[in-house]
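Source file: data.cif (mmCIF, C-alpha atoms)
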```cif
data_input
loop_
_atom_site.group_PDB
_atom_site.id
_atom_site.type_symbol
_atom_site.label_atom_id
_atom_site.label_comp_id
_atom_site.auth_asym_id
_atom_site.auth_seq_id
_atom_site.Cartn_x
_atom_site.Cartn_y
_atom_site.Cartn_z
ATOM 1 C CA MET J 1 -30.256 -14.828 -60.613
ATOM 2 C CA THR J 2 -30.610 -17.780 -58.293
ATOM 3 C CA THR J 3 -28.480 -18.285 -55.232
ATOM 4 C CA LYS J 4 -27.742 -21.225 -53.008
ATOM 5 C CA SER J 5 -29.737 -21.230 -49.807
ATOM 6 C CA THR J 6 -27.693 -20.305 -46.766
ATOM 7 C CA ASN J 7 -30.189 -22.068 -44.513
ATOM 8 C CA ALA J 8 -29.006 -25.623 -43.901
ATOM 9 C CA ILE J 9 -31.958 -27.975 -43.617
ATOM 10 C CA THR J 10 -30.968 -30.703 -41.180
ATOM 11 C CA ILE J 11 -33.937 -33.010 -41.636
ATOM 12 C CA ASP J 12 -33.215 -36.724 -41.573
ATOM 13 C CA PRO J 13 -33.067 -37.984 -45.210
ATOM 14 C CA ASN J 14 -35.637 -40.589 -44.256
ATOM 15 C CA ALA J 15 -37.875 -37.736 -43.158
ATOM 16 C CA GLU J 16 -41.195 -39.554 -43.336
ATOM 17 C CA VAL J 17 -40.019 -42.088 -40.723
ATOM 18 C CA ALA J 18 -38.505 -39.326 -38.602
ATOM 19 C CA ILE J 19 -41.773 -37.368 -38.714
ATOM 20 C CA ILE J 20 -43.807 -40.363 -37.560
ATOM 21 C CA GLU J 21 -41.353 -41.150 -34.764
ATOM 22 C CA ASN J 22 -41.541 -37.575 -33.503
ATOM 23 C CA GLY J 23 -45.319 -37.352 -33.585
ATOM 24 C CA TYR J 24 -45.704 -35.386 -36.815
ATOM 25 C CA SER J 25 -48.168 -37.863 -38.226
ATOM 26 C CA ASP J 26 -51.881 -38.389 -38.504
ATOM 27 C CA SER J 27 -51.225 -41.701 -36.731
ATOM 28 C CA SER J 28 -50.700 -39.646 -33.555
ATOM 29 C CA SER J 29 -54.119 -38.534 -32.310
ATOM 30 C CA ASN J 30 -52.657 -36.406 -29.519
ATOM 31 C CA PHE J 31 -50.514 -34.194 -31.727
ATOM 32 C CA GLU J 32 -51.679 -30.988 -33.391
ATOM 33 C CA LEU J 33 -49.523 -28.905 -35.678
ATOM 34 C CA PRO J 34 -48.580 -25.564 -34.116
ATOM 35 C CA ARG J 35 -49.920 -22.490 -35.855
ATOM 36 C CA TRP J 36 -48.880 -19.049 -36.995
ATOM 37 C CA ARG J 37 -51.244 -16.094 -36.779
ATOM 38 C CA ILE J 38 -50.988 -12.505 -37.949
ATOM 39 C CA ASP J 39 -51.464 -10.053 -35.089
ATOM 40 C CA LYS J 40 -54.310 -7.720 -36.034
ATOM 41 C CA ASP J 41 -52.709 -4.704 -34.321
ATOM 42 C CA SER J 42 -49.046 -5.006 -35.346
ATOM 43 C CA GLY J 43 -49.039 -7.238 -38.431
ATOM 44 C CA LEU J 44 -46.406 -9.469 -36.791
ATOM 45 C CA PHE J 45 -46.343 -13.222 -37.362
ATOM 46 C CA ILE J 46 -46.796 -14.896 -33.975
ATOM 47 C CA HIS J 47 -46.106 -18.615 -33.489
ATOM 48 C CA ASP J 48 -47.743 -20.842 -30.881
ATOM 49 C CA TYR J 49 -44.273 -21.393 -29.395
ATOM 50 C CA GLY J 50 -43.784 -17.668 -28.824
ATOM 51 C CA ASP J 51 -41.676 -16.567 -31.811
ATOM 52 C CA GLU J 52 -42.601 -13.172 -33.299
ATOM 53 C CA TYR J 53 -41.351 -12.005 -36.709
ATOM 54 C CA GLU J 54 -41.979 -9.175 -39.123
ATOM 55 C CA THR J 55 -40.851 -11.526 -41.909
ATOM 56 C CA ILE J 56 -40.839 -15.320 -42.175
ATOM 57 C CA ASN J 57 -38.343 -17.160 -44.372
ATOM 58 C CA ALA J 58 -39.738 -20.629 -44.850
ATOM 59 C CA ALA J 59 -40.169 -23.685 -46.990
ATOM 60 C CA LEU J 60 -43.785 -23.990 -48.119
ATOM 61 C CA LEU J 61 -44.499 -27.712 -47.720
ATOM 62 C CA LYS J 62 -48.211 -27.921 -48.409
ATOM 63 C CA VAL J 63 -51.245 -25.800 -49.284
ATOM 64 C CA ASP J 64 -54.733 -27.013 -48.329
ATOM 65 C CA GLN J 65 -58.164 -25.507 -48.839
ATOM 66 C CA SER J 66 -61.069 -25.827 -46.444
ATOM 67 C CA ARG J 67 -64.364 -24.010 -45.871
ATOM 68 C CA VAL J 68 -65.750 -22.317 -42.765
ATOM 69 C CA LEU J 69 -69.220 -20.864 -42.196
ATOM 70 C CA TRP J 70 -69.154 -18.508 -39.222
ATOM 71 C CA PRO J 71 -72.379 -17.389 -37.486
ATOM 72 C CA ALA J 72 -73.843 -14.066 -38.608
ATOM 73 C CA ASP J 73 -73.591 -12.730 -35.043
ATOM 74 C CA TYR J 74 -69.924 -13.743 -34.770
ATOM 75 C CA VAL J 75 -68.090 -12.764 -31.586
ATOM 76 C CA ALA J 76 -64.737 -13.821 -30.157
ATOM 77 C CA ASN J 77 -64.564 -17.589 -29.549
ATOM 78 C CA SER J 78 -67.634 -18.299 -31.683
ATOM 79 C CA ARG J 79 -67.743 -21.797 -33.151
ATOM 80 C CA PRO J 80 -68.445 -22.293 -36.871
ATOM 81 C CA ASP J 81 -71.977 -23.117 -37.917
ATOM 82 C CA CYS J 82 -70.483 -25.493 -40.478
ATOM 83 C CA ARG J 83 -67.059 -26.402 -41.845
ATOM 84 C CA SER J 84 -65.512 -28.724 -44.415
ATOM 85 C CA HIS J 85 -61.940 -29.987 -44.334
ATOM 86 C CA ASN J 86 -61.909 -31.085 -47.980
ATOM 87 C CA LEU J 87 -64.482 -28.910 -49.855
ATOM 88 C CA LYS J 88 -66.457 -32.110 -50.555
ATOM 89 C CA PHE J 89 -68.588 -32.670 -47.477
ATOM 90 C CA PRO J 90 -69.117 -30.925 -44.126
ATOM 91 C CA GLU J 91 -67.728 -32.139 -40.836
ATOM 92 C CA GLU J 92 -71.250 -32.944 -39.660
ATOM 93 C CA ARG J 93 -73.096 -34.949 -42.343
ATOM 94 C CA ASP J 94 -76.300 -35.898 -40.511
ATOM 95 C CA PRO J 95 -79.059 -33.761 -42.149
ATOM 96 C CA LEU J 96 -80.894 -33.609 -38.816
ATOM 97 C CA LYS J 97 -77.859 -31.922 -37.233
ATOM 98 C CA ALA J 98 -76.469 -30.103 -40.282
ATOM 99 C CA PRO J 99 -79.014 -27.861 -42.051
ATOM 100 C CA PHE J 100 -76.531 -26.796 -44.746
ATOM 101 C CA GLY J 101 -75.456 -28.405 -48.013
ATOM 102 C CA GLY J 102 -76.867 -30.797 -50.557
ATOM 103 C CA LEU J 103 -77.544 -34.512 -50.106
ATOM 104 C CA ASP J 104 -75.777 -37.505 -51.624
ATOM 105 C CA LYS J 105 -77.454 -40.782 -52.617
ATOM 106 C CA ASN J 106 -77.220 -41.986 -49.014
ATOM 107 C CA GLY J 107 -78.970 -38.886 -47.674
ATOM 108 C CA LEU J 108 -75.808 -37.419 -46.140
ATOM 109 C CA ARG J 109 -74.762 -33.796 -46.440
ATOM 110 C CA ILE J 110 -72.329 -32.772 -49.189
ATOM 111 C CA CYS J 111 -70.941 -29.366 -50.120
ATOM 112 C CA GLU J 112 -72.085 -29.630 -53.735
ATOM 113 C CA ASN J 113 -75.101 -27.471 -54.578
ATOM 114 C CA CYS J 114 -74.897 -25.619 -51.259
ATOM 115 C CA SER J 115 -76.137 -22.073 -51.826
ATOM 116 C CA LEU J 116 -73.953 -20.785 -48.976
ATOM 117 C CA SER J 117 -70.809 -21.544 -50.990
ATOM 118 C CA GLU J 118 -71.958 -19.704 -54.116
ATOM 119 C CA TRP J 119 -71.029 -16.183 -55.179
ATOM 120 C CA GLY J 120 -73.851 -13.662 -55.296
ATOM 121 C CA GLY J 121 -74.515 -10.181 -56.643
ATOM 122 C CA GLU J 122 -74.280 -8.837 -60.149
ATOM 123 C CA GLU J 123 -71.325 -9.439 -62.447
ATOM 124 C CA ASN J 124 -69.842 -6.018 -61.711
ATOM 125 C CA GLN J 125 -70.378 -6.287 -57.951
ATOM 126 C CA ARG J 126 -69.676 -9.799 -56.780
ATOM 127 C CA ILE J 127 -70.576 -10.785 -53.209
ATOM 128 C CA LYS J 128 -68.426 -13.446 -51.556
ATOM 129 C CA PRO J 129 -70.204 -16.571 -50.291
ATOM 130 C CA PRO J 130 -70.860 -16.703 -46.526
ATOM 131 C CA CYS J 131 -69.104 -20.080 -46.441
ATOM 132 C CA ALA J 132 -65.579 -18.808 -46.992
ATOM 133 C CA ILE J 133 -62.651 -20.738 -48.437
ATOM 134 C CA VAL J 134 -59.692 -20.892 -46.048
ATOM 135 C CA TYR J 135 -56.151 -21.405 -47.348
ATOM 136 C CA ASP J 136 -53.941 -23.349 -44.931
ATOM 137 C CA LEU J 137 -50.180 -23.091 -45.496
ATOM 138 C CA LEU J 138 -47.784 -25.574 -43.874
ATOM 139 C CA LEU J 139 -44.496 -23.717 -43.320
ATOM 140 C CA LEU J 140 -41.077 -24.882 -42.144
ATOM 141 C CA ASP J 141 -39.389 -21.866 -40.556
ATOM 142 C CA LEU J 142 -35.826 -22.017 -41.915
ATOM 143 C CA LYS J 143 -34.464 -20.016 -38.977
ATOM 144 C CA THR J 144 -35.751 -22.275 -36.200
ATOM 145 C CA GLU J 145 -36.621 -25.411 -38.250
ATOM 146 C CA ILE J 146 -40.025 -25.384 -36.540
ATOM 147 C CA LEU J 147 -43.258 -26.198 -38.363
ATOM 148 C CA GLY J 148 -46.343 -24.021 -38.289
ATOM 149 C CA VAL J 149 -49.644 -23.662 -40.153
ATOM 150 C CA LEU J 150 -50.756 -20.204 -41.302
ATOM 151 C CA SER J 151 -54.465 -19.992 -42.140
ATOM 152 C CA LEU J 152 -55.896 -17.287 -44.394
ATOM 153 C CA MET J 153 -59.612 -16.662 -44.028
ATOM 154 C CA ARG J 154 -61.697 -14.492 -46.369
ATOM 155 C CA THR J 155 -58.768 -14.407 -48.759
ATOM 156 C CA ARG J 156 -59.047 -11.765 -51.460
ATOM 157 C CA LEU J 157 -59.620 -13.168 -54.925
ATOM 158 C CA LYS J 158 -56.394 -11.780 -56.369
ATOM 159 C CA THR J 159 -54.431 -13.179 -53.412
ATOM 160 C CA ALA J 160 -56.032 -16.602 -53.849
ATOM 161 C CA ARG J 161 -55.215 -16.707 -57.566
ATOM 162 C CA LYS J 162 -51.651 -15.590 -56.912
ATOM 163 C CA LEU J 163 -51.232 -18.195 -54.178
ATOM 164 C CA ASP J 164 -52.520 -21.030 -56.380
ATOM 165 C CA GLY J 165 -50.047 -20.216 -59.147
ATOM 166 C CA PHE J 166 -47.249 -19.480 -56.688
ATOM 167 C CA TRP J 167 -47.561 -22.896 -55.055
ATOM 168 C CA LYS J 168 -47.441 -24.742 -58.377
ATOM 169 C CA THR J 169 -44.299 -22.934 -59.573
ATOM 170 C CA THR J 170 -42.480 -22.723 -56.229
ATOM 171 C CA ALA J 171 -43.240 -26.117 -54.628
ATOM 172 C CA MET J 172 -40.123 -26.674 -52.513
ATOM 173 C CA ARG J 173 -37.768 -25.456 -55.224
ATOM 174 C CA PHE J 174 -37.402 -22.034 -53.609
ATOM 175 C CA SER J 175 -37.622 -20.705 -50.079
ATOM 176 C CA VAL J 176 -40.475 -18.281 -49.483
ATOM 177 C CA GLN J 177 -40.438 -14.886 -47.802
ATOM 178 C CA LEU J 178 -43.667 -13.746 -46.150
ATOM 179 C CA ASN J 179 -44.493 -10.352 -44.684
ATOM 180 C CA THR J 180 -47.544 -8.153 -44.221
ATOM 181 C CA THR J 181 -48.636 -4.727 -45.391
ATOM 182 C CA LYS J 182 -51.255 -2.504 -43.789
ATOM 183 C CA GLU J 183 -54.357 -2.076 -45.934
ATOM 184 C CA HIS J 184 -57.410 0.160 -45.599
ATOM 185 C CA GLY J 185 -60.914 -0.336 -46.940
ATOM 186 C CA PRO J 186 -64.621 0.263 -46.256
ATOM 187 C CA ARG J 187 -64.487 -2.286 -43.429
ATOM 188 C CA GLY J 188 -61.520 -0.660 -41.725
ATOM 189 C CA GLN J 189 -57.858 -1.610 -41.447
ATOM 190 C CA TRP J 190 -56.243 -5.022 -41.808
ATOM 191 C CA TYR J 191 -52.902 -6.604 -42.643
ATOM 192 C CA ALA J 192 -52.631 -8.334 -46.001
ATOM 193 C CA LEU J 193 -50.202 -11.186 -46.588
ATOM 194 C CA GLN J 194 -47.381 -10.646 -49.089
ATOM 195 C CA PHE J 195 -45.253 -13.533 -50.328
ATOM 196 C CA LYS J 196 -42.434 -14.003 -52.815
ATOM 197 C CA ARG J 197 -39.742 -16.454 -53.823
ATOM 198 C CA ASP J 198 -36.457 -16.094 -52.011
ATOM 199 C CA GLU J 199 -33.473 -18.423 -52.472
ATOM 200 C CA THR J 200 -33.026 -21.635 -54.456
ATOM 201 C CA PHE J 201 -32.808 -24.924 -52.577
ATOM 202 C CA THR J 202 -30.043 -27.334 -53.485
ATOM 203 C CA THR J 203 -31.033 -30.716 -54.932
ATOM 204 C CA GLU J 204 -30.298 -32.399 -51.598
ATOM 205 C CA GLU J 205 -32.341 -29.856 -49.646
ATOM 206 C CA ARG J 206 -35.265 -30.219 -52.019
ATOM 207 C CA GLN J 207 -35.211 -34.009 -51.725
ATOM 208 C CA GLN J 208 -35.324 -33.672 -47.936
ATOM 209 C CA LEU J 209 -38.246 -31.253 -48.106
ATOM 210 C CA ILE J 210 -40.180 -33.482 -50.491
ATOM 211 C CA SER J 211 -39.659 -36.428 -48.135
ATOM 212 C CA MET J 212 -40.900 -34.320 -45.260
ATOM 213 C CA ALA J 213 -43.969 -33.196 -47.209
ATOM 214 C CA ILE J 214 -44.822 -36.848 -47.938
ATOM 215 C CA GLY J 215 -45.310 -37.317 -44.195
ATOM 216 C CA PHE J 216 -48.143 -34.793 -44.344
ATOM 217 C CA LYS J 217 -49.757 -36.045 -47.543
ATOM 218 C CA HIS J 218 -52.886 -37.284 -45.768
ATOM 219 C CA TRP J 219 -53.011 -34.578 -43.096
ATOM 220 C CA SER J 220 -55.805 -32.048 -43.005
ATOM 221 C CA LEU J 221 -54.286 -28.702 -42.052
ATOM 222 C CA SER J 222 -57.618 -27.048 -41.230
ATOM 223 C CA ALA J 223 -58.582 -26.341 -37.643
ATOM 224 C CA VAL J 224 -61.141 -24.229 -35.830
ATOM 225 C CA THR J 225 -59.447 -21.109 -34.531
ATOM 226 C CA THR J 226 -60.355 -17.466 -34.202
ATOM 227 C CA GLU J 227 -56.686 -16.528 -34.334
ATOM 228 C CA ILE J 228 -56.345 -16.737 -38.117
ATOM 229 C CA ALA J 229 -55.260 -14.117 -40.598
ATOM 230 C CA MET J 230 -58.212 -12.320 -42.154
ATOM 231 C CA GLU J 231 -58.232 -10.196 -45.285
ATOM 232 C CA ASP J 232 -60.970 -7.892 -46.457
ATOM 233 C CA SER J 233 -63.163 -9.313 -49.219
ATOM 234 C CA GLU J 234 -62.896 -8.143 -52.795
#
```
Could I get this file's structure written as structure tokens?
Amino acid sequence: MTTKSTNAITIDPNAEVAIIENGYSDSSSNFELPRWRIDKDSGLFIHDYGDEYETINAALLKVDQSRVLWPADYVANSRPDCRSHNLKFPEERDPLKAPFGGLDKNGLRICENCSLSEWGGEENQRIKPPCAIVYDLLLLDLKTEILGVLSLMRTRLKTARKLDGFWKTTAMRFSVQLNTTKEHGPRGQWYALQFKRDETFTTEERQQLISMAIGFKHWSLSAVTTEIAMEDSE
């Protein structure tokens, strides 16, 4: 049974213009989208602006994929050895500066044929590639009407598949409820992301959300941060 959302979305109908005027645009080089992270000790969602929730009720506006290769001797505040914002080519394409990836016809680095992005191991014991896919979720918190990006690094395969299908069937038609559950494995304890559909948006609300999402069509949501949610590999 579907229900009408009780969260009034007060975005300007001409949301794309409103976003640009308020700095939410890739035309503004000084603006960075705020971020959500999952606290590794409590499982709480913590926003850059200070909000802390056990559960987020949000509109999921966009899902991006990027890749990050962290150094083998990773410590806090380590920088990636390599990263790609679009899964096509790395941020650094000069082969003299970037030792990873294949080469295109112009001799520049591309992600295609890069062994670091390939799965290893036998069929019954798959080993995740060192260059991990990161899922970046652009969320509009329906309680505060504040935007935030939640990044999921080392996402478990079943979570990734669920997220891909979830995005296609939910896409701004339903609000989304996110929470975390404590998990245990060979590598210790972590908090896994759980997400499900919540309430149905009205036609007017959905039109507003779609207009807002258009403003981020050409945005790359990926960013270098050590404060991202991490799930054990599977």
Apply the PyMOL selection byres ((chain J and resi 157-173) around 10) to the structure shown and report the selected residues as a PDB file with C-alpha atoms, in the frame of the given file.
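Full text of selection.pdb as output:
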```
ATOM      1  CA  ALA J  58     -39.738 -20.629 -44.850  1.00  0.00           C
ATOM      2  CA  ALA J  59     -40.169 -23.685 -46.990  1.00  0.00           C
ATOM      3  CA  LEU J  60     -43.785 -23.990 -48.119  1.00  0.00           C
ATOM      4  CA  LEU J  61     -44.499 -27.712 -47.720  1.00  0.00           C
ATOM      5  CA  LYS J  62     -48.211 -27.921 -48.409  1.00  0.00           C
ATOM      6  CA  VAL J  63     -51.245 -25.800 -49.284  1.00  0.00           C
ATOM      7  CA  LYS J 128     -68.426 -13.446 -51.556  1.00  0.00           C
ATOM      8  CA  ILE J 133     -62.651 -20.738 -48.437  1.00  0.00           C
ATOM      9  CA  VAL J 134     -59.692 -20.892 -46.048  1.00  0.00           C
ATOM     10  CA  TYR J 135     -56.151 -21.405 -47.348  1.00  0.00           C
ATOM     11  CA  LEU J 137     -50.180 -23.091 -45.496  1.00  0.00           C
ATOM     12  CA  LEU J 152     -55.896 -17.287 -44.394  1.00  0.00           C
ATOM     13  CA  ARG J 154     -61.697 -14.492 -46.369  1.00  0.00           C
ATOM     14  CA  THR J 155     -58.768 -14.407 -48.759  1.00  0.00           C
ATOM     15  CA  ARG J 156     -59.047 -11.765 -51.460  1.00  0.00           C
ATOM     16  CA  PHE J 174     -37.402 -22.034 -53.609  1.00  0.00           C
ATOM     17  CA  SER J 175     -37.622 -20.705 -50.079  1.00  0.00           C
ATOM     18  CA  VAL J 176     -40.475 -18.281 -49.483  1.00  0.00           C
ATOM     19  CA  ALA J 192     -52.631  -8.334 -46.001  1.00  0.00           C
ATOM     20  CA  LEU J 193     -50.202 -11.186 -46.588  1.00  0.00           C
ATOM     21  CA  GLN J 194     -47.381 -10.646 -49.089  1.00  0.00           C
ATOM     22  CA  PHE J 195     -45.253 -13.533 -50.328  1.00  0.00           C
ATOM     23  CA  LYS J 196     -42.434 -14.003 -52.815  1.00  0.00           C
ATOM     24  CA  ARG J 197     -39.742 -16.454 -53.823  1.00  0.00           C
ATOM     25  CA  ASP J 198     -36.457 -16.094 -52.011  1.00  0.00           C
ATOM     26  CA  GLU J 199     -33.473 -18.423 -52.472  1.00  0.00           C
ATOM     27  CA  THR J 200     -33.026 -21.635 -54.456  1.00  0.00           C
ATOM     28  CA  PHE J 201     -32.808 -24.924 -52.577  1.00  0.00           C
ATOM     29  CA  THR J 202     -30.043 -27.334 -53.485  1.00  0.00           C
ATOM     30  CA  THR J 203     -31.033 -30.716 -54.932  1.00  0.00           C
ATOM     31  CA  GLU J 205     -32.341 -29.856 -49.646  1.00  0.00           C
ATOM     32  CA  ARG J 206     -35.265 -30.219 -52.019  1.00  0.00           C
ATOM     33  CA  GLN J 207     -35.211 -34.009 -51.725  1.00  0.00           C
ATOM     34  CA  GLN J 208     -35.324 -33.672 -47.936  1.00  0.00           C
ATOM     35  CA  LEU J 209     -38.246 -31.253 -48.106  1.00  0.00           C
ATOM     36  CA  ILE J 210     -40.180 -33.482 -50.491  1.00  0.00           C
ATOM     37  CA  ALA J 213     -43.969 -33.196 -47.209  1.00  0.00           C
ATOM     38  CA  GLU J 231     -58.232 -10.196 -45.285  1.00  0.00           C
ATOM     39  CA  SER J 233     -63.163  -9.313 -49.219  1.00  0.00           C
ATOM     40  CA  GLU J 234     -62.896  -8.143 -52.795  1.00  0.00           C
TER      41      GLU J 234
END
```
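Taking atom CA of Gly43 of chain J as the reference point, atom CA of Asn179 of chain J is found at 8.3 Å.
Using the PyMOL selection byres ((chain J and resi 99-115) around 8) on the file at hand returns these residues: J:Cys82, J:Ser84, J:Leu87, J:Lys88, J:Phe89, J:Pro90, J:Glu92, J:Arg93, J:Asp94, J:Pro95, J:Leu96, J:Lys97, J:Ala98, J:Leu116, J:Ser117, J:Glu118.
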* Take atom CA of His47 of chain J and atom CA of Asp136 of chain J and report the distance between them in Å, one decimal. => 14.7 Å
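Atom CA of Gly188 of chain J is positioned 19.2 Å from atom CA of Pro130 of chain J.
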For segment 165-184 of chain J, what centre and edge lengths in Å (one decimal) does the axis-aligned box get once 6 Å is added on each side of all its listed atoms, as lines of an AutoDock Vina configuration file?
```
center_x = -47.4
center_y = -13.3
center_z = -51.7
size_x = 32.0
size_y = 38.8
size_z = 27.8
```
